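Q: The structure that follows is given in the form of structure tokens.
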Amino acid sequence: MRLIWLEPDTPFPDPEEALQEPAGLLAAGADLSIPRLRAAYSQGIFPWFSEEEPPLWWSPDPRMVLQCDALHLSHSLAKRLRQIARAQNAGDYSTVVKVNTAFTSVLRACARPAHNGQPGTWITKEMQLAYEAWHLLGHVHSIETWVDGELVGGLYGVSLGRMFFGESMFSRATDASKIALAHLVWFLKNHGIPWVDCQMYTAHLSTLGAAPVSRQQFVAHVRQHTSMPDIVWHPGTLDHRGILQP
């Protein structure tokens with residue numbers, strides 16, 4: 001099999017045509033326009049490439065997925081979440097999870113190179129501009145952990161229909177991104193969204209309950225659930241019940 005080159009008007013090939021090595025590389029080329037991105041995500045395809053490369057489009061097999069009912073909270077994280085909930089019930093909002101109040105800050109924090117000596121980020125400037133534009137149209141969202149008025153962690157992702165596609169997380173304090181993820185999962189469950197796409201396997205995601213599913217199963221799920229009506233997002237605060245308050 002050979003890599004497929006996309007011209008601006010070329011539709012995506014069937015995800016089953018993705019190369020085995022590198023795992024799940026489906027096509028190259030085209031652009032990061034919002035219609036192209038929407039077409040990709042609704043077929044279980046996502047972009048991932050470096051600054052010096054053209055857009056590369058992927059559909060790995062297997063696919064890493066967090067089923068919302070399978071979210072695993074460690075003893076220490078569950079204890080921290082209970083402490084946050086009790087504090088908020090008592091009127092103490094020193095730790096709070098917000099939605100869409102600092103999207104660009106979350107995106108840029110996720111885009112910074114890791115502190116472990118690894119080279120640059122896959123969230124290129126071109127990708128940042130594309131997802132900022134999509135955010136303004138209401139389909140890309142940030143979930144943010146704030147402590148004493150400071151943004152200390154969070155994540156961002158794409159919401160289409162009854163599907164959420166997780167993109168990247170960052171943390172500047174212990175469990176900050178996990179706190180955001182837990183609140184997101186509670187919110188998604190309230191809206192009938194059963195899966196969070198995690199794209200590729202990592203040991204970190206596995207500890208949170210994510211597990212692989214076949215490409216065929218994933219694509220079928222995505223095509224069904226992205227065709228459903230979108231849920232309502234707005235800037236606000238997520239409480240421990242997964243309710244988004246203004």
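Labels used: A, B, ... for chains in the order of the structure tokens, numbers from 1 for residues in each chain, and numbers from 1 for ligands as shown.
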According to DSSP computed on the backbone, where in stretch 29-155 of chain A is there alpha helix (DSSP H)? Give the residues as a PyMOL selection string.
A: chain A and resi 34-41+75-89+103-111+125-136
Q: Which residues of stretch 44-111 of chain A have any atom within 7 Å of an atom in stretch 134-151 of chain A when counting only C-alpha atoms, and what is the closest pair of atoms for each, with the distance in Å to one decimal? Order the rows by chain and rising number and write it as a tab-separated table.
A:
residue	atom	partner	partner_atom	distance
A:Ser94	CA	A:Asp148	CA	4.9
A:Thr95	CA	A:Val147	CA	4.5
A:Val96	CA	A:Trp146	CA	5.3
A:Val97	CA	A:Thr145	CA	4.6
A:Lys98	CA	A:Glu144	CA	5.1
A:Val99	CA	A:Ile143	CA	4.7
A:Asn100	CA	A:Ser142	CA	5.0
A:Phe103	CA	A:Ser142	CA	5.2
A:Val106	CA	A:Ser142	CA	6.7
Q: Keeping only C-alpha atoms, write those residues as a compact mmCIF listing (two decimals), in the first residue's frame.
A:
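Now in part19.txt:
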# COMPACT_ATOMS: atom_id res chain seq x y z
CA SER A 94 -10.12 28.12 45.80
CA THR A 95 -9.95 25.07 43.50
CA VAL A 96 -12.37 25.09 40.59
CA VAL A 97 -12.76 23.56 37.14
CA LYS A 98 -13.86 25.93 34.40
CA VAL A 99 -14.82 25.52 30.75
CA ASN A 100 -13.81 27.78 27.87
CA PHE A 103 -8.86 28.36 25.73
CA VAL A 106 -4.66 25.93 27.61
Q: Env of stretch 15-23 of chain A: 8 Å cut, atoms = only C-alpha atoms, seq-sep filter 4 positions within chain, self excluded. Answer as JSON, numbers by chain.
A: {"A": [1, 2, 3, 27, 43, 44, 45, 58, 59, 60, 61, 215, 216]}
Q: Write the residues you've just listed into a file as an mmCIF file, in the first residue's frame, and include N, CA and C atoms for each of them.
A:
data_model
loop_
_atom_site.group_PDB
_atom_site.id
_atom_site.type_symbol
_atom_site.label_atom_id
_atom_site.label_comp_id
_atom_site.auth_asym_id
_atom_site.auth_seq_id
_atom_site.Cartn_x
_atom_site.Cartn_y
_atom_site.Cartn_z
ATOM 1 N N MET A 1 0.840 -1.198 0.000
ATOM 2 C CA MET A 1 0.000 0.000 0.000
ATOM 3 C C MET A 1 0.872 1.244 0.000
ATOM 4 N N ARG A 2 0.388 2.312 -0.621
ATOM 5 C CA ARG A 2 1.154 3.548 -0.680
ATOM 6 C C ARG A 2 0.386 4.659 0.021
ATOM 7 N N LEU A 3 1.135 5.670 0.461
ATOM 8 C CA LEU A 3 0.528 6.812 1.139
ATOM 9 C C LEU A 3 -0.259 7.641 0.121
ATOM 10 N N ALA A 27 -3.012 9.377 5.141
ATOM 11 C CA ALA A 27 -2.881 10.283 4.000
ATOM 12 C C ALA A 27 -2.033 11.474 4.403
ATOM 13 N N GLN A 43 -14.951 10.819 10.692
ATOM 14 C CA GLN A 43 -14.593 9.504 10.159
ATOM 15 C C GLN A 43 -13.511 8.812 10.996
ATOM 16 N N GLY A 44 -13.210 9.371 12.168
ATOM 17 C CA GLY A 44 -12.209 8.758 13.021
ATOM 18 C C GLY A 44 -10.785 9.020 12.578
ATOM 19 N N ILE A 45 -10.539 10.158 11.941
ATOM 20 C CA ILE A 45 -9.215 10.529 11.420
ATOM 21 C C ILE A 45 -8.769 11.809 12.125
ATOM 22 N N TRP A 58 -4.166 10.483 10.337
ATOM 23 C CA TRP A 58 -3.970 9.189 10.983
ATOM 24 C C TRP A 58 -5.291 8.548 11.392
ATOM 25 N N SER A 59 -5.302 7.220 11.358
ATOM 26 C CA SER A 59 -6.415 6.440 11.896
ATOM 27 C C SER A 59 -5.837 5.116 12.409
ATOM 28 N N PRO A 60 -5.287 5.129 13.632
ATOM 29 C CA PRO A 60 -4.581 3.940 14.133
ATOM 30 C C PRO A 60 -5.510 2.775 14.451
ATOM 31 N N ASP A 61 -4.928 1.601 14.436
ATOM 32 C CA ASP A 61 -5.639 0.371 14.790
ATOM 33 C C ASP A 61 -4.716 -0.483 15.656
ATOM 34 N N ARG A 215 -10.071 -0.389 15.143
ATOM 35 C CA ARG A 215 -10.414 0.734 14.272
ATOM 36 C C ARG A 215 -11.840 0.586 13.753
ATOM 37 N N GLN A 216 -12.196 -0.593 13.328
ATOM 38 C CA GLN A 216 -13.538 -0.816 12.778
ATOM 39 C C GLN A 216 -14.613 -0.448 13.789
#
Q: I'd like the contact shell of A:Gly242 - 10 Å cut-off, only C-alpha atoms, skipping same-chain residues fewer than 5 positions apart - returned as a PyMOL selection string.
A: chain A and resi 182-191+237
Q: As a PyMOL selection string, please: every residue in stretch 43-116 of chain A that DSSP puts in strand (DSSP E).
A: chain A and resi 46-47+56-58+63-67+95-99
Q: Which residues come within 6 Å of stretch 196-198 of chain A, counting only C-alpha atoms, excluding same-chain residues fewer than 4 positions away, as a list in words?
A: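 So the residues in contact are Met64, Val65, Leu66, Phe164, Phe165 and Gly166 of chain A.
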Q: Applying 12 Å and only C-alpha atoms, which residues near A:Ser33 remain after dropping the ones on its own chain fewer than 3 positions away? List them as a VMD selection string.
A: chain A and resid 8 to 9 29 to 30 36 to 40 47 55 126 to 127 129 to 134
Q: Let me see the file: selected residues, N, CA and C atoms, as a CSV table (one decimal), in the first residue's frame.
A:
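Generated file (out02.csv):
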chain,number,residue,atom,x,y,z
A,8,PRO,N,-6.7,19.8,-2.4
A,8,PRO,CA,-7.7,20.5,-1.6
A,8,PRO,C,-9.1,19.9,-1.8
A,9,ASP,N,-9.4,19.3,-2.9
A,9,ASP,CA,-10.8,18.8,-3.1
A,9,ASP,C,-10.8,17.3,-3.1
A,29,GLY,N,-1.2,15.8,3.1
A,29,GLY,CA,-1.6,16.9,2.2
A,29,GLY,C,-2.9,17.6,2.7
A,30,ALA,N,-3.5,18.3,1.8
A,30,ALA,CA,-4.7,19.1,2.0
A,30,ALA,C,-4.4,20.2,3.0
A,36,ARG,N,-12.4,20.5,6.4
A,36,ARG,CA,-11.5,19.4,6.3
A,36,ARG,C,-11.4,18.7,7.7
A,37,LEU,N,-11.2,19.5,8.8
A,37,LEU,CA,-11.1,18.9,10.1
A,37,LEU,C,-12.4,18.2,10.5
A,38,ARG,N,-13.5,18.8,10.2
A,38,ARG,CA,-14.8,18.2,10.6
A,38,ARG,C,-15.0,16.9,9.8
A,39,ALA,N,-14.6,16.9,8.5
A,39,ALA,CA,-14.7,15.6,7.8
A,39,ALA,C,-13.8,14.5,8.3
A,40,ALA,N,-12.6,15.0,8.8
A,40,ALA,CA,-11.7,14.0,9.4
A,40,ALA,C,-12.2,13.4,10.6
A,47,PRO,N,-5.3,14.9,12.5
A,47,PRO,CA,-4.0,15.3,12.0
A,47,PRO,C,-2.9,15.2,13.1
A,55,PRO,N,0.5,18.4,6.3
A,55,PRO,CA,-0.4,17.7,7.2
A,55,PRO,C,-0.4,16.2,7.0
A,126,GLU,N,0.5,26.2,13.0
A,126,GLU,CA,-0.6,26.1,12.1
A,126,GLU,C,-1.8,25.4,12.7
A,127,MET,N,-1.5,24.3,13.5
A,127,MET,CA,-2.6,23.6,14.2
A,127,MET,C,-3.2,24.5,15.3
A,129,LEU,N,-3.6,27.7,15.3
A,129,LEU,CA,-4.5,28.7,14.6
A,129,LEU,C,-5.8,28.0,14.1
A,130,ALA,N,-5.7,26.8,13.6
A,130,ALA,CA,-6.9,26.0,13.1
A,130,ALA,C,-7.8,25.7,14.3
A,131,TYR,N,-7.3,25.2,15.4
A,131,TYR,CA,-8.2,24.9,16.5
A,131,TYR,C,-8.7,26.1,17.2
A,132,GLU,N,-8.0,27.2,17.2
A,132,GLU,CA,-8.6,28.4,17.8
A,132,GLU,C,-9.8,28.9,17.0
A,133,ALA,N,-9.6,28.8,15.6
A,133,ALA,CA,-10.8,29.1,14.8
A,133,ALA,C,-12.0,28.2,15.0
A,134,TRP,N,-11.7,26.9,15.2
A,134,TRP,CA,-12.8,26.0,15.4
A,134,TRP,C,-13.4,26.2,16.7
Q: When you look at A:Ser177 with a cut-off of 8 Å (counting only C-alpha atoms), what residues show up, excluding the ones that are within fewer than 5 positions of it in the same chain? I need them as a list in words.
A: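 That gives Glu144, Thr145, Gly153, Gly154, Leu155, Met169, Phe170 and Ser171 of chain A.
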Q: What does the distance between atom CA of A:Arg162 and atom CA of A:Ile34 come to in Å, to one decimal place?
A: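 That distance, rounded to one decimal, is 18.6 Å.
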Q: Point out the residue among A:Pro62, A:His221, A:Ile231, A:Thr202 with the least atom-to-atom distance to A:Leu244, counting only C-alpha atoms.
A: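 Closest residue, counting only C-alpha atoms: A:Ile231.
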Q: From the list A:Ala90, A:Leu181, A:Leu73, A:Val222, which residue is nearest A:Tyr41 when using only C-alpha atoms?
A: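 Looking only at the distances to A:Tyr41, the closest residue turns out to be A:Val222.
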Q: From the options A:Met228, A:Leu26, A:Ile193, A:Lys178, which residue's atoms come nearest to A:Thr207, counting only C-alpha atoms?
A: A:Lys178
Q: Which of these residues is nearest to A:Arg223, using only C-alpha atoms: A:Ala211, A:Ala203, A:Leu160, A:Leu6?
A: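 Looking at the shortest contact to A:Arg223, the residue is A:Leu160.
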Q: From the set A:Ser168, A:Glu7, A:Leu77, A:Gly157, which residue has the shortest atom-to-atom contact distance to A:Leu205, counting only C-alpha atoms?
A: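 Of all the options, A:Ser168 lies closest to A:Leu205.
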Q: For A:Arg241, which residue out of A:Gln67, A:Met163, A:Arg82, A:Asp31 is the nearest one, using only C-alpha atoms?
A: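 Checking each of A:Gln67, A:Met163, A:Arg82, A:Asp31 against A:Arg241, counting only C-alpha atoms, the winner is A:Arg82.
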